[in-house]
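**Student:** Please find upload.cif (mmCIF, N, CA and C atoms) on the next line:
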data_start
#
loop_
_atom_site.label_atom_id
_atom_site.label_comp_id
_atom_site.auth_asym_id
_atom_site.auth_seq_id
_atom_site.Cartn_x
_atom_site.Cartn_y
_atom_site.Cartn_z
N MET A 215 6.25 6.39 -17.18
CA MET A 215 7.29 5.73 -16.41
C MET A 215 6.62 4.80 -15.40
N GLU A 216 7.12 3.59 -15.36
CA GLU A 216 6.60 2.63 -14.39
C GLU A 216 7.19 2.90 -13.01
N SER A 217 6.42 2.62 -12.03
CA SER A 217 6.88 2.73 -10.66
C SER A 217 6.07 1.75 -9.83
N ALA A 218 6.44 1.65 -8.57
CA ALA A 218 5.68 0.81 -7.64
C ALA A 218 5.36 1.64 -6.41
N PHE A 219 4.15 1.51 -5.94
CA PHE A 219 3.69 2.17 -4.73
C PHE A 219 3.79 1.16 -3.60
N TYR A 220 4.50 1.52 -2.53
CA TYR A 220 4.63 0.66 -1.36
C TYR A 220 4.12 1.40 -0.14
N CYS A 221 3.54 0.65 0.79
CA CYS A 221 3.09 1.24 2.04
C CYS A 221 2.96 0.14 3.09
N LEU A 222 2.79 0.58 4.32
CA LEU A 222 2.39 -0.32 5.39
C LEU A 222 0.91 -0.10 5.61
N LEU A 223 0.18 -1.17 5.78
CA LEU A 223 -1.27 -1.10 6.00
C LEU A 223 -1.57 -1.64 7.38
N ARG A 224 -2.18 -0.83 8.20
CA ARG A 224 -2.48 -1.25 9.56
C ARG A 224 -3.98 -1.17 9.80
N ASN A 225 -4.51 -2.22 10.40
CA ASN A 225 -5.91 -2.28 10.82
C ASN A 225 -5.95 -2.41 12.33
N GLU A 226 -6.92 -1.76 12.95
CA GLU A 226 -7.05 -1.87 14.41
C GLU A 226 -7.39 -3.29 14.85
N ALA A 227 -8.18 -3.97 14.06
CA ALA A 227 -8.58 -5.33 14.40
C ALA A 227 -7.79 -6.33 13.56
N ALA A 228 -7.24 -7.34 14.20
CA ALA A 228 -6.50 -8.38 13.49
C ALA A 228 -7.40 -9.08 12.48
N SER A 229 -8.67 -9.26 12.82
CA SER A 229 -9.60 -9.92 11.90
C SER A 229 -9.79 -9.10 10.63
N ALA A 230 -9.82 -7.76 10.74
CA ALA A 230 -9.96 -6.90 9.55
C ALA A 230 -8.70 -6.98 8.69
N SER A 231 -7.53 -7.04 9.33
CA SER A 231 -6.29 -7.16 8.59
C SER A 231 -6.25 -8.49 7.83
N ALA A 232 -6.67 -9.55 8.48
CA ALA A 232 -6.70 -10.87 7.83
C ALA A 232 -7.68 -10.88 6.66
N GLN A 233 -8.83 -10.24 6.84
CA GLN A 233 -9.82 -10.17 5.76
C GLN A 233 -9.30 -9.33 4.60
N PHE A 234 -8.61 -8.24 4.90
CA PHE A 234 -8.01 -7.42 3.85
C PHE A 234 -7.05 -8.28 3.03
N GLU A 235 -6.18 -9.01 3.72
CA GLU A 235 -5.20 -9.87 3.05
C GLU A 235 -5.89 -10.87 2.12
N LEU A 236 -6.97 -11.45 2.59
CA LEU A 236 -7.73 -12.39 1.77
C LEU A 236 -8.38 -11.67 0.58
N SER A 237 -8.86 -10.46 0.79
CA SER A 237 -9.61 -9.73 -0.24
C SER A 237 -8.76 -9.22 -1.39
N VAL A 238 -7.44 -9.10 -1.21
CA VAL A 238 -6.59 -8.63 -2.31
C VAL A 238 -5.59 -9.67 -2.78
N GLY A 239 -5.48 -10.78 -2.06
CA GLY A 239 -4.49 -11.80 -2.39
C GLY A 239 -4.91 -12.69 -3.55
N THR A 240 -4.08 -13.66 -3.83
CA THR A 240 -4.31 -14.55 -4.97
C THR A 240 -5.54 -15.42 -4.80
N ASN A 241 -5.97 -15.65 -3.57
CA ASN A 241 -7.14 -16.50 -3.32
C ASN A 241 -8.38 -15.71 -2.96
N LYS A 242 -8.45 -14.45 -3.44
CA LYS A 242 -9.61 -13.64 -3.08
C LYS A 242 -10.89 -14.24 -3.65
N PRO A 243 -11.99 -14.07 -2.94
CA PRO A 243 -13.27 -14.60 -3.42
C PRO A 243 -13.64 -13.98 -4.77
N LEU A 244 -14.27 -14.79 -5.62
CA LEU A 244 -14.68 -14.29 -6.93
C LEU A 244 -16.00 -13.54 -6.88
N PHE A 245 -16.86 -13.91 -5.93
CA PHE A 245 -18.19 -13.33 -5.86
C PHE A 245 -18.46 -12.77 -4.47
N GLU A 246 -19.19 -11.69 -4.42
CA GLU A 246 -19.54 -11.07 -3.15
C GLU A 246 -20.31 -12.03 -2.25
N GLU A 247 -21.09 -12.91 -2.83
CA GLU A 247 -21.87 -13.87 -2.05
C GLU A 247 -20.98 -14.84 -1.27
N ASP A 248 -19.74 -14.97 -1.70
CA ASP A 248 -18.80 -15.86 -1.02
C ASP A 248 -18.12 -15.20 0.19
N VAL A 249 -18.50 -13.95 0.47
CA VAL A 249 -17.88 -13.17 1.54
C VAL A 249 -18.89 -13.00 2.68
N ALA A 250 -18.43 -13.17 3.91
CA ALA A 250 -19.31 -12.97 5.07
C ALA A 250 -19.89 -11.56 5.04
N MET A 251 -21.11 -11.42 5.49
CA MET A 251 -21.83 -10.15 5.42
C MET A 251 -21.01 -8.99 6.01
N GLN A 252 -20.34 -9.21 7.13
CA GLN A 252 -19.61 -8.12 7.77
C GLN A 252 -18.43 -7.59 6.96
N TRP A 253 -17.98 -8.37 5.95
CA TRP A 253 -16.82 -7.97 5.14
C TRP A 253 -17.19 -7.57 3.72
N ARG A 254 -18.47 -7.52 3.40
CA ARG A 254 -18.86 -7.24 2.01
C ARG A 254 -18.54 -5.82 1.56
N LEU A 255 -18.65 -4.87 2.45
CA LEU A 255 -18.28 -3.50 2.06
C LEU A 255 -16.79 -3.45 1.70
N MET A 256 -15.95 -4.07 2.52
CA MET A 256 -14.53 -4.13 2.21
C MET A 256 -14.30 -4.80 0.87
N TYR A 257 -15.00 -5.90 0.63
CA TYR A 257 -14.87 -6.62 -0.64
C TYR A 257 -15.20 -5.71 -1.81
N ARG A 258 -16.31 -4.96 -1.71
CA ARG A 258 -16.74 -4.08 -2.80
C ARG A 258 -15.70 -2.98 -3.06
N VAL A 259 -15.15 -2.43 -2.00
CA VAL A 259 -14.17 -1.35 -2.15
C VAL A 259 -12.88 -1.88 -2.80
N LEU A 260 -12.48 -3.08 -2.44
CA LEU A 260 -11.20 -3.63 -2.90
C LEU A 260 -11.30 -4.42 -4.20
N GLU A 261 -12.49 -4.79 -4.59
CA GLU A 261 -12.69 -5.66 -5.76
C GLU A 261 -12.03 -5.12 -7.04
N PRO A 262 -12.08 -3.82 -7.33
CA PRO A 262 -11.46 -3.36 -8.57
C PRO A 262 -9.93 -3.19 -8.50
N ILE A 263 -9.35 -3.33 -7.34
CA ILE A 263 -7.90 -3.12 -7.19
C ILE A 263 -7.15 -4.32 -7.75
N ASN A 264 -6.09 -4.04 -8.49
CA ASN A 264 -5.22 -5.10 -8.99
C ASN A 264 -4.55 -5.83 -7.84
N GLU A 265 -4.18 -7.07 -8.10
CA GLU A 265 -3.45 -7.85 -7.10
C GLU A 265 -2.10 -7.18 -6.82
N PRO A 266 -1.74 -7.05 -5.56
CA PRO A 266 -0.44 -6.42 -5.25
C PRO A 266 0.73 -7.27 -5.73
N VAL A 267 1.84 -6.59 -6.01
CA VAL A 267 3.07 -7.30 -6.36
C VAL A 267 3.79 -7.77 -5.11
N LEU A 268 3.44 -7.17 -3.98
CA LEU A 268 4.00 -7.55 -2.69
C LEU A 268 2.89 -7.47 -1.65
N LEU A 269 2.75 -8.52 -0.88
CA LEU A 269 1.83 -8.53 0.26
C LEU A 269 2.46 -9.42 1.32
N ARG A 270 3.00 -8.77 2.34
CA ARG A 270 3.75 -9.49 3.36
C ARG A 270 3.21 -9.13 4.74
N ARG A 271 2.84 -10.15 5.50
CA ARG A 271 2.34 -9.96 6.86
C ARG A 271 3.52 -9.67 7.77
N LEU A 272 3.39 -8.55 8.53
CA LEU A 272 4.44 -8.18 9.47
C LEU A 272 4.06 -8.52 10.91
N ASP A 273 2.79 -8.36 11.25
CA ASP A 273 2.24 -8.78 12.53
C ASP A 273 0.74 -8.93 12.33
N SER A 274 0.01 -9.22 13.38
CA SER A 274 -1.42 -9.52 13.21
C SER A 274 -2.24 -8.34 12.73
N HIS A 275 -1.70 -7.14 12.81
CA HIS A 275 -2.43 -5.93 12.41
C HIS A 275 -1.83 -5.22 11.20
N THR A 276 -0.65 -5.64 10.75
CA THR A 276 0.10 -4.86 9.77
C THR A 276 0.59 -5.71 8.60
N LEU A 277 0.45 -5.14 7.40
CA LEU A 277 0.96 -5.73 6.18
C LEU A 277 1.86 -4.73 5.47
N GLN A 278 2.87 -5.23 4.79
CA GLN A 278 3.60 -4.41 3.83
C GLN A 278 3.00 -4.77 2.48
N ALA A 279 2.66 -3.76 1.69
CA ALA A 279 2.02 -4.02 0.40
C ALA A 279 2.64 -3.13 -0.66
N GLY A 280 2.61 -3.62 -1.89
CA GLY A 280 3.11 -2.85 -3.02
C GLY A 280 2.33 -3.18 -4.28
N TRP A 281 2.11 -2.16 -5.09
CA TRP A 281 1.40 -2.30 -6.36
C TRP A 281 2.19 -1.61 -7.45
N ASP A 282 2.21 -2.20 -8.65
CA ASP A 282 2.74 -1.50 -9.81
C ASP A 282 1.77 -0.38 -10.15
N VAL A 283 2.30 0.82 -10.37
CA VAL A 283 1.48 1.98 -10.71
C VAL A 283 2.21 2.82 -11.74
N GLU A 284 1.45 3.64 -12.47
CA GLU A 284 2.05 4.64 -13.32
C GLU A 284 2.59 5.76 -12.43
N PHE A 285 3.61 6.44 -12.90
CA PHE A 285 4.18 7.55 -12.14
C PHE A 285 3.28 8.78 -12.37
N ASP A 286 2.15 8.77 -11.65
CA ASP A 286 1.16 9.83 -11.74
C ASP A 286 0.38 9.82 -10.43
N HIS A 287 0.05 10.98 -9.93
CA HIS A 287 -0.61 11.04 -8.62
C HIS A 287 -2.01 10.44 -8.64
N SER A 288 -2.72 10.54 -9.76
CA SER A 288 -4.13 10.14 -9.78
C SER A 288 -4.36 8.66 -9.45
N PRO A 289 -3.68 7.69 -10.11
CA PRO A 289 -3.92 6.29 -9.75
C PRO A 289 -3.46 5.97 -8.32
N VAL A 290 -2.41 6.64 -7.86
CA VAL A 290 -1.95 6.40 -6.49
C VAL A 290 -2.98 6.94 -5.51
N GLN A 291 -3.52 8.12 -5.78
CA GLN A 291 -4.54 8.71 -4.90
C GLN A 291 -5.78 7.82 -4.85
N GLU A 292 -6.20 7.30 -5.99
CA GLU A 292 -7.36 6.40 -6.03
C GLU A 292 -7.10 5.12 -5.23
N LEU A 293 -5.90 4.58 -5.35
CA LEU A 293 -5.54 3.38 -4.60
C LEU A 293 -5.55 3.66 -3.10
N VAL A 294 -4.94 4.75 -2.67
CA VAL A 294 -4.91 5.10 -1.25
C VAL A 294 -6.33 5.33 -0.73
N ALA A 295 -7.17 6.00 -1.51
CA ALA A 295 -8.56 6.23 -1.10
C ALA A 295 -9.30 4.90 -0.90
N ALA A 296 -9.07 3.95 -1.78
CA ALA A 296 -9.72 2.63 -1.64
C ALA A 296 -9.20 1.90 -0.41
N LEU A 297 -7.89 1.97 -0.16
CA LEU A 297 -7.31 1.31 1.01
C LEU A 297 -7.89 1.90 2.30
N GLU A 298 -7.99 3.22 2.33
CA GLU A 298 -8.57 3.87 3.52
C GLU A 298 -10.05 3.56 3.66
N ALA A 299 -10.78 3.50 2.56
CA ALA A 299 -12.20 3.15 2.60
C ALA A 299 -12.40 1.71 3.10
N ALA A 300 -11.38 0.87 2.89
CA ALA A 300 -11.43 -0.52 3.38
C ALA A 300 -11.05 -0.61 4.85
N GLY A 301 -10.76 0.52 5.48
CA GLY A 301 -10.47 0.52 6.91
C GLY A 301 -9.00 0.48 7.28
N CYS A 302 -8.13 0.63 6.30
CA CYS A 302 -6.69 0.57 6.56
C CYS A 302 -6.12 1.96 6.84
N SER A 303 -5.18 2.02 7.76
CA SER A 303 -4.33 3.20 7.90
C SER A 303 -3.15 2.97 6.97
N VAL A 304 -2.90 3.94 6.08
CA VAL A 304 -1.83 3.84 5.10
C VAL A 304 -0.62 4.58 5.66
N LEU A 305 0.43 3.83 5.98
CA LEU A 305 1.63 4.38 6.62
C LEU A 305 2.84 4.26 5.71
N SER A 306 3.77 5.17 5.84
CA SER A 306 5.04 5.15 5.08
C SER A 306 4.84 4.98 3.58
N PRO A 307 3.99 5.79 2.96
CA PRO A 307 3.78 5.63 1.51
C PRO A 307 5.01 6.07 0.72
N LEU A 308 5.43 5.21 -0.20
CA LEU A 308 6.63 5.45 -1.00
C LEU A 308 6.38 5.08 -2.45
N LEU A 309 7.16 5.70 -3.33
CA LEU A 309 7.22 5.28 -4.73
C LEU A 309 8.63 4.81 -5.00
N TRP A 310 8.72 3.66 -5.63
CA TRP A 310 10.01 3.12 -6.05
C TRP A 310 9.99 3.17 -7.57
N ILE A 311 10.76 4.07 -8.16
CA ILE A 311 10.67 4.27 -9.60
C ILE A 311 11.71 3.44 -10.33
N GLU A 312 11.53 3.33 -11.65
CA GLU A 312 12.36 2.44 -12.48
C GLU A 312 13.85 2.64 -12.29
N SER A 313 14.27 3.85 -12.07
CA SER A 313 15.69 4.15 -11.92
C SER A 313 16.27 3.58 -10.63
N GLY A 314 15.40 3.13 -9.73
CA GLY A 314 15.84 2.63 -8.44
C GLY A 314 15.67 3.65 -7.33
N GLU A 315 15.35 4.88 -7.71
CA GLU A 315 15.16 5.94 -6.72
C GLU A 315 13.87 5.69 -5.93
N VAL A 316 13.92 5.99 -4.64
CA VAL A 316 12.76 5.87 -3.78
C VAL A 316 12.34 7.26 -3.33
N LEU A 317 11.06 7.55 -3.48
CA LEU A 317 10.51 8.85 -3.11
C LEU A 317 9.45 8.68 -2.04
N ARG A 318 9.53 9.50 -0.98
CA ARG A 318 8.47 9.51 0.03
C ARG A 318 7.32 10.32 -0.52
N ILE A 319 6.10 9.86 -0.27
CA ILE A 319 4.92 10.65 -0.61
C ILE A 319 4.60 11.47 0.62
N VAL A 320 4.92 12.76 0.55
CA VAL A 320 4.76 13.66 1.68
C VAL A 320 3.31 14.08 1.83
N SER A 321 2.65 14.36 0.70
CA SER A 321 1.22 14.68 0.70
C SER A 321 0.62 14.19 -0.59
N LEU A 322 -0.67 13.89 -0.54
CA LEU A 322 -1.37 13.33 -1.69
C LEU A 322 -2.84 13.68 -1.58
N ASP A 323 -3.38 14.28 -2.64
CA ASP A 323 -4.82 14.52 -2.72
C ASP A 323 -5.21 14.54 -4.19
N ARG A 324 -6.47 14.82 -4.47
CA ARG A 324 -6.94 14.79 -5.86
C ARG A 324 -6.20 15.78 -6.76
N GLY A 325 -5.71 16.87 -6.18
CA GLY A 325 -5.04 17.89 -6.96
C GLY A 325 -3.58 17.61 -7.29
N GLY A 326 -2.95 16.70 -6.57
CA GLY A 326 -1.55 16.41 -6.83
C GLY A 326 -0.88 15.77 -5.65
N TRP A 327 0.43 15.75 -5.69
CA TRP A 327 1.20 15.17 -4.62
C TRP A 327 2.48 15.95 -4.42
N ARG A 328 3.06 15.75 -3.28
CA ARG A 328 4.38 16.31 -3.00
C ARG A 328 5.28 15.12 -2.64
N LEU A 329 6.37 15.00 -3.39
CA LEU A 329 7.30 13.88 -3.22
C LEU A 329 8.63 14.41 -2.72
N SER A 330 9.34 13.57 -2.00
CA SER A 330 10.64 13.93 -1.47
C SER A 330 11.57 12.72 -1.60
N PRO A 331 12.77 12.91 -2.16
CA PRO A 331 13.68 11.77 -2.24
C PRO A 331 14.05 11.28 -0.86
N VAL A 332 14.24 10.00 -0.75
CA VAL A 332 14.69 9.41 0.51
C VAL A 332 16.20 9.65 0.60
N LEU A 333 16.57 10.40 1.61
CA LEU A 333 17.97 10.75 1.81
C LEU A 333 18.45 10.23 3.16
N VAL A 334 19.65 9.74 3.19
CA VAL A 334 20.30 9.38 4.44
C VAL A 334 21.65 10.09 4.42
N ASP A 335 21.88 10.91 5.43
CA ASP A 335 23.09 11.73 5.49
C ASP A 335 23.26 12.56 4.22
N GLY A 336 22.12 13.06 3.69
CA GLY A 336 22.15 13.94 2.54
C GLY A 336 22.33 13.26 1.20
N GLU A 337 22.34 11.94 1.17
CA GLU A 337 22.53 11.22 -0.08
C GLU A 337 21.33 10.34 -0.38
N GLU A 338 20.97 10.28 -1.70
CA GLU A 338 19.88 9.40 -2.12
C GLU A 338 20.27 7.95 -1.82
N GLN A 339 19.26 7.18 -1.50
CA GLN A 339 19.48 5.79 -1.16
C GLN A 339 18.84 4.87 -2.19
N LEU A 340 19.50 3.79 -2.51
CA LEU A 340 18.93 2.72 -3.31
C LEU A 340 18.66 1.57 -2.35
N PHE A 341 17.54 0.90 -2.55
CA PHE A 341 17.09 -0.10 -1.60
C PHE A 341 16.93 -1.46 -2.24
N ASP A 342 17.18 -2.49 -1.45
CA ASP A 342 16.67 -3.81 -1.78
C ASP A 342 15.40 -3.97 -0.94
N ASP A 343 14.72 -5.09 -1.08
CA ASP A 343 13.43 -5.27 -0.40
C ASP A 343 13.54 -5.15 1.12
N GLU A 344 14.56 -5.75 1.71
CA GLU A 344 14.69 -5.72 3.17
C GLU A 344 15.04 -4.33 3.69
N ALA A 345 15.91 -3.62 2.98
CA ALA A 345 16.26 -2.26 3.39
C ALA A 345 15.06 -1.34 3.26
N LEU A 346 14.26 -1.56 2.24
CA LEU A 346 13.04 -0.76 2.07
C LEU A 346 12.10 -0.99 3.25
N LEU A 347 11.90 -2.22 3.63
CA LEU A 347 11.03 -2.52 4.77
C LEU A 347 11.57 -1.87 6.05
N ARG A 348 12.86 -1.97 6.30
CA ARG A 348 13.43 -1.34 7.49
C ARG A 348 13.19 0.17 7.48
N PHE A 349 13.37 0.80 6.33
CA PHE A 349 13.12 2.24 6.24
C PHE A 349 11.65 2.54 6.52
N MET A 350 10.75 1.78 5.94
CA MET A 350 9.32 2.00 6.12
C MET A 350 8.94 1.85 7.58
N MET A 351 9.46 0.82 8.23
CA MET A 351 9.15 0.57 9.63
C MET A 351 9.67 1.72 10.51
N SER A 352 10.81 2.27 10.16
CA SER A 352 11.38 3.36 10.96
C SER A 352 10.57 4.64 10.83
N ARG A 353 9.75 4.75 9.80
CA ARG A 353 8.94 5.95 9.57
C ARG A 353 7.47 5.75 9.90
N SER A 354 7.08 4.57 10.33
CA SER A 354 5.64 4.29 10.51
C SER A 354 5.09 4.74 11.84
N GLY A 355 5.93 5.12 12.78
CA GLY A 355 5.46 5.62 14.07
C GLY A 355 5.04 4.59 14.96
#
Have the structure of the file written as structure tokens, please.
**Tutor:**
Amino acid sequence: MESAFYCLLRNEAASASAQFELSVGTNKPLFEEDVAMQWRLMYRVLEPINEPVLLRRLDSHTLQAGWDVEFDHSPVQELVAALEAAGCSVLSPLLWIESGEVLRIVSLDRGGWRLSPVLVDGEEQLFDDEALLRFMMSRSG
């Protein structure tokens, strides 16, 4: 089953957030030599990651990002591990599955994950892009 992984990515330094955006976006450098020395580790960590389906700047330190993923904990865990290794705090992790259902990722590790449907007043919610962002922002702390 196809799904999409969405999260907010926050970096303490605005320069690191900007470099992250460059490193995964459509204009990412093709070769490590094209990257400033201070950002090469980030480049190496992010180089194997597919281009996100969504990458939206929210402020100088925060991006909303989304990737198409299989509905399986392993590729999501690998993606989160790479994002964290690149210096990002991964906030409000969600899965948006083909049916339109949105699931919060409550916990995630190599052994598995715990998912919880997004409920408002006890009812499952279907989201458009803007409603999803509002929900994510309300849970990011």
**Student:** At a cut-off of 7 Å, using all atoms listed in the file, what residues contact range 280-292 of chain A? Leave out same-chain residues fewer than 4 positions from it and give the result as a PDB file with N, CA and C atoms, in the coordinates of the input.
**Tutor:**
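Wrote around26.pdb, looks like this:
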ATOM      1  N   MET A 215       6.250   6.390 -17.180  1.00  0.00           N
ATOM      2  CA  MET A 215       7.290   5.730 -16.410  1.00  0.00           C
ATOM      3  C   MET A 215       6.620   4.800 -15.400  1.00  0.00           C
ATOM      4  N   GLU A 216       7.120   3.590 -15.360  1.00  0.00           N
ATOM      5  CA  GLU A 216       6.600   2.630 -14.390  1.00  0.00           C
ATOM      6  C   GLU A 216       7.190   2.900 -13.010  1.00  0.00           C
ATOM      7  N   SER A 217       6.420   2.620 -12.030  1.00  0.00           N
ATOM      8  CA  SER A 217       6.880   2.730 -10.660  1.00  0.00           C
ATOM      9  C   SER A 217       6.070   1.750  -9.830  1.00  0.00           C
ATOM     10  N   ALA A 218       6.440   1.650  -8.570  1.00  0.00           N
ATOM     11  CA  ALA A 218       5.680   0.810  -7.640  1.00  0.00           C
ATOM     12  C   ALA A 218       5.360   1.640  -6.410  1.00  0.00           C
ATOM     13  N   PHE A 219       4.150   1.510  -5.940  1.00  0.00           N
ATOM     14  CA  PHE A 219       3.690   2.170  -4.730  1.00  0.00           C
ATOM     15  C   PHE A 219       3.790   1.160  -3.600  1.00  0.00           C
ATOM     16  N   TYR A 220       4.500   1.520  -2.530  1.00  0.00           N
ATOM     17  CA  TYR A 220       4.630   0.660  -1.360  1.00  0.00           C
ATOM     18  C   TYR A 220       4.120   1.400  -0.140  1.00  0.00           C
ATOM     19  N   CYS A 221       3.540   0.650   0.790  1.00  0.00           N
ATOM     20  CA  CYS A 221       3.090   1.240   2.040  1.00  0.00           C
ATOM     21  C   CYS A 221       2.960   0.140   3.090  1.00  0.00           C
ATOM     22  N   GLU A 265      -4.180  -7.070  -8.100  1.00  0.00           N
ATOM     23  CA  GLU A 265      -3.450  -7.850  -7.100  1.00  0.00           C
ATOM     24  C   GLU A 265      -2.100  -7.180  -6.820  1.00  0.00           C
ATOM     25  N   PRO A 266      -1.740  -7.050  -5.560  1.00  0.00           N
ATOM     26  CA  PRO A 266      -0.440  -6.420  -5.250  1.00  0.00           C
ATOM     27  C   PRO A 266       0.730  -7.270  -5.730  1.00  0.00           C
ATOM     28  N   VAL A 267       1.840  -6.590  -6.010  1.00  0.00           N
ATOM     29  CA  VAL A 267       3.070  -7.300  -6.360  1.00  0.00           C
ATOM     30  C   VAL A 267       3.790  -7.770  -5.110  1.00  0.00           C
ATOM     31  N   LEU A 268       3.440  -7.170  -3.980  1.00  0.00           N
ATOM     32  CA  LEU A 268       4.000  -7.550  -2.690  1.00  0.00           C
ATOM     33  C   LEU A 268       2.890  -7.470  -1.650  1.00  0.00           C
ATOM     34  N   LEU A 269       2.750  -8.520  -0.880  1.00  0.00           N
ATOM     35  CA  LEU A 269       1.830  -8.530   0.260  1.00  0.00           C
ATOM     36  C   LEU A 269       2.460  -9.420   1.320  1.00  0.00           C
ATOM     37  N   ARG A 270       3.000  -8.770   2.340  1.00  0.00           N
ATOM     38  CA  ARG A 270       3.750  -9.490   3.360  1.00  0.00           C
ATOM     39  C   ARG A 270       3.210  -9.130   4.740  1.00  0.00           C
ATOM     40  N   ALA A 296      -9.070   3.950  -1.780  1.00  0.00           N
ATOM     41  CA  ALA A 296      -9.720   2.630  -1.640  1.00  0.00           C
ATOM     42  C   ALA A 296      -9.200   1.900  -0.410  1.00  0.00           C
ATOM     43  N   LEU A 297      -7.890   1.970  -0.160  1.00  0.00           N
ATOM     44  CA  LEU A 297      -7.310   1.310   1.010  1.00  0.00           C
ATOM     45  C   LEU A 297      -7.890   1.900   2.300  1.00  0.00           C
ATOM     46  N   LEU A 322      -0.670  13.890  -0.540  1.00  0.00           N
ATOM     47  CA  LEU A 322      -1.370  13.330  -1.690  1.00  0.00           C
ATOM     48  C   LEU A 322      -2.840  13.680  -1.580  1.00  0.00           C
ATOM     49  N   ASP A 323      -3.380  14.280  -2.640  1.00  0.00           N
ATOM     50  CA  ASP A 323      -4.820  14.520  -2.720  1.00  0.00           C
ATOM     51  C   ASP A 323      -5.210  14.540  -4.190  1.00  0.00           C
ATOM     52  N   ARG A 324      -6.470  14.820  -4.470  1.00  0.00           N
ATOM     53  CA  ARG A 324      -6.940  14.790  -5.860  1.00  0.00           C
ATOM     54  C   ARG A 324      -6.200  15.780  -6.760  1.00  0.00           C
ATOM     55  N   GLY A 326      -2.950  16.700  -6.570  1.00  0.00           N
ATOM     56  CA  GLY A 326      -1.550  16.410  -6.830  1.00  0.00           C
ATOM     57  C   GLY A 326      -0.880  15.770  -5.650  1.00  0.00           C
ATOM     58  N   TRP A 327       0.430  15.750  -5.690  1.00  0.00           N
ATOM     59  CA  TRP A 327       1.200  15.170  -4.620  1.00  0.00           C
ATOM     60  C   TRP A 327       2.480  15.950  -4.420  1.00  0.00           C
TER      61      TRP A 327
END
**Student:** How would you write, as number ranges by chain, the set of residues in range 268-342 of chain A that DSSP gives as helix (DSSP H, G or I)?
**Tutor:** A: 287-299
**Student:** Interatomic distance between CA of Ser303 in chain A and atom C of Asn225 in chain A?
**Tutor:** 7.3 Å
**Student:** Just want the 12 Å neighbourhood of range 242-255 of chain A, counted on only C-alpha atoms, with same-chain residues fewer than 2 positions away dropped. Output as a list in words.
**Tutor:** Ser229, Ala230, Ser231, Ala232, Gln233, Phe234, Glu235, Leu236, Ser237, Val238, Gly239, Thr240, Tyr257, Arg258, Val259, Leu260, Glu261, Pro262, Ile263, Asn264, Glu265, Pro266, Ala296, Ala299, Ala300 and Gly301 of chain A
**Student:** Those same residues - N, CA and C atoms - I'd like them written as a compact mmCIF listing (two decimals), in the frame of the given file.
**Tutor:**
# COMPACT_ATOMS: atom_id res chain seq x y z
N SER A 229 -8.67 -9.26 12.82
CA SER A 229 -9.60 -9.92 11.90
C SER A 229 -9.79 -9.10 10.63
N ALA A 230 -9.82 -7.76 10.74
CA ALA A 230 -9.96 -6.90 9.55
C ALA A 230 -8.70 -6.98 8.69
N SER A 231 -7.53 -7.04 9.33
CA SER A 231 -6.29 -7.16 8.59
C SER A 231 -6.25 -8.49 7.83
N ALA A 232 -6.67 -9.55 8.48
CA ALA A 232 -6.70 -10.87 7.83
C ALA A 232 -7.68 -10.88 6.66
N GLN A 233 -8.83 -10.24 6.84
CA GLN A 233 -9.82 -10.17 5.76
C GLN A 233 -9.30 -9.33 4.60
N PHE A 234 -8.61 -8.24 4.90
CA PHE A 234 -8.01 -7.42 3.85
C PHE A 234 -7.05 -8.28 3.03
N GLU A 235 -6.18 -9.01 3.72
CA GLU A 235 -5.20 -9.87 3.05
C GLU A 235 -5.89 -10.87 2.12
N LEU A 236 -6.97 -11.45 2.59
CA LEU A 236 -7.73 -12.39 1.77
C LEU A 236 -8.38 -11.67 0.58
N SER A 237 -8.86 -10.46 0.79
CA SER A 237 -9.61 -9.73 -0.24
C SER A 237 -8.76 -9.22 -1.39
N VAL A 238 -7.44 -9.10 -1.21
CA VAL A 238 -6.59 -8.63 -2.31
C VAL A 238 -5.59 -9.67 -2.78
N GLY A 239 -5.48 -10.78 -2.06
CA GLY A 239 -4.49 -11.80 -2.39
C GLY A 239 -4.91 -12.69 -3.55
N THR A 240 -4.08 -13.66 -3.83
CA THR A 240 -4.31 -14.55 -4.97
C THR A 240 -5.54 -15.42 -4.80
N TYR A 257 -15.00 -5.90 0.63
CA TYR A 257 -14.87 -6.62 -0.64
C TYR A 257 -15.20 -5.71 -1.81
N ARG A 258 -16.31 -4.96 -1.71
CA ARG A 258 -16.74 -4.08 -2.80
C ARG A 258 -15.70 -2.98 -3.06
N VAL A 259 -15.15 -2.43 -2.00
CA VAL A 259 -14.17 -1.35 -2.15
C VAL A 259 -12.88 -1.88 -2.80
N LEU A 260 -12.48 -3.08 -2.44
CA LEU A 260 -11.20 -3.63 -2.90
C LEU A 260 -11.30 -4.42 -4.20
N GLU A 261 -12.49 -4.79 -4.59
CA GLU A 261 -12.69 -5.66 -5.76
C GLU A 261 -12.03 -5.12 -7.04
N PRO A 262 -12.08 -3.82 -7.33
CA PRO A 262 -11.46 -3.36 -8.57
C PRO A 262 -9.93 -3.19 -8.50
N ILE A 263 -9.35 -3.33 -7.34
CA ILE A 263 -7.90 -3.12 -7.19
C ILE A 263 -7.15 -4.32 -7.75
N ASN A 264 -6.09 -4.04 -8.49
CA ASN A 264 -5.22 -5.10 -8.99
C ASN A 264 -4.55 -5.83 -7.84
N GLU A 265 -4.18 -7.07 -8.10
CA GLU A 265 -3.45 -7.85 -7.10
C GLU A 265 -2.10 -7.18 -6.82
N PRO A 266 -1.74 -7.05 -5.56
CA PRO A 266 -0.44 -6.42 -5.25
C PRO A 266 0.73 -7.27 -5.73
N ALA A 296 -9.07 3.95 -1.78
CA ALA A 296 -9.72 2.63 -1.64
C ALA A 296 -9.20 1.90 -0.41
N ALA A 299 -10.78 3.50 2.56
CA ALA A 299 -12.20 3.15 2.60
C ALA A 299 -12.40 1.71 3.10
N ALA A 300 -11.38 0.87 2.89
CA ALA A 300 -11.43 -0.52 3.38
C ALA A 300 -11.05 -0.61 4.85
N GLY A 301 -10.76 0.52 5.48
CA GLY A 301 -10.47 0.52 6.91
C GLY A 301 -9.00 0.48 7.28
**Student:** Residues near Ser330 in chain A, anyone? I mean within 10 Å using only C-alpha atoms, not counting same-chain ones fewer than 4 positions away, as a list in words.
**Tutor:**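 Neighbouring residues, sequence-local ones excluded: Leu308, Leu309, Val316, Leu317, Arg318, Ile319, Val320 and Ser321 of chain A.
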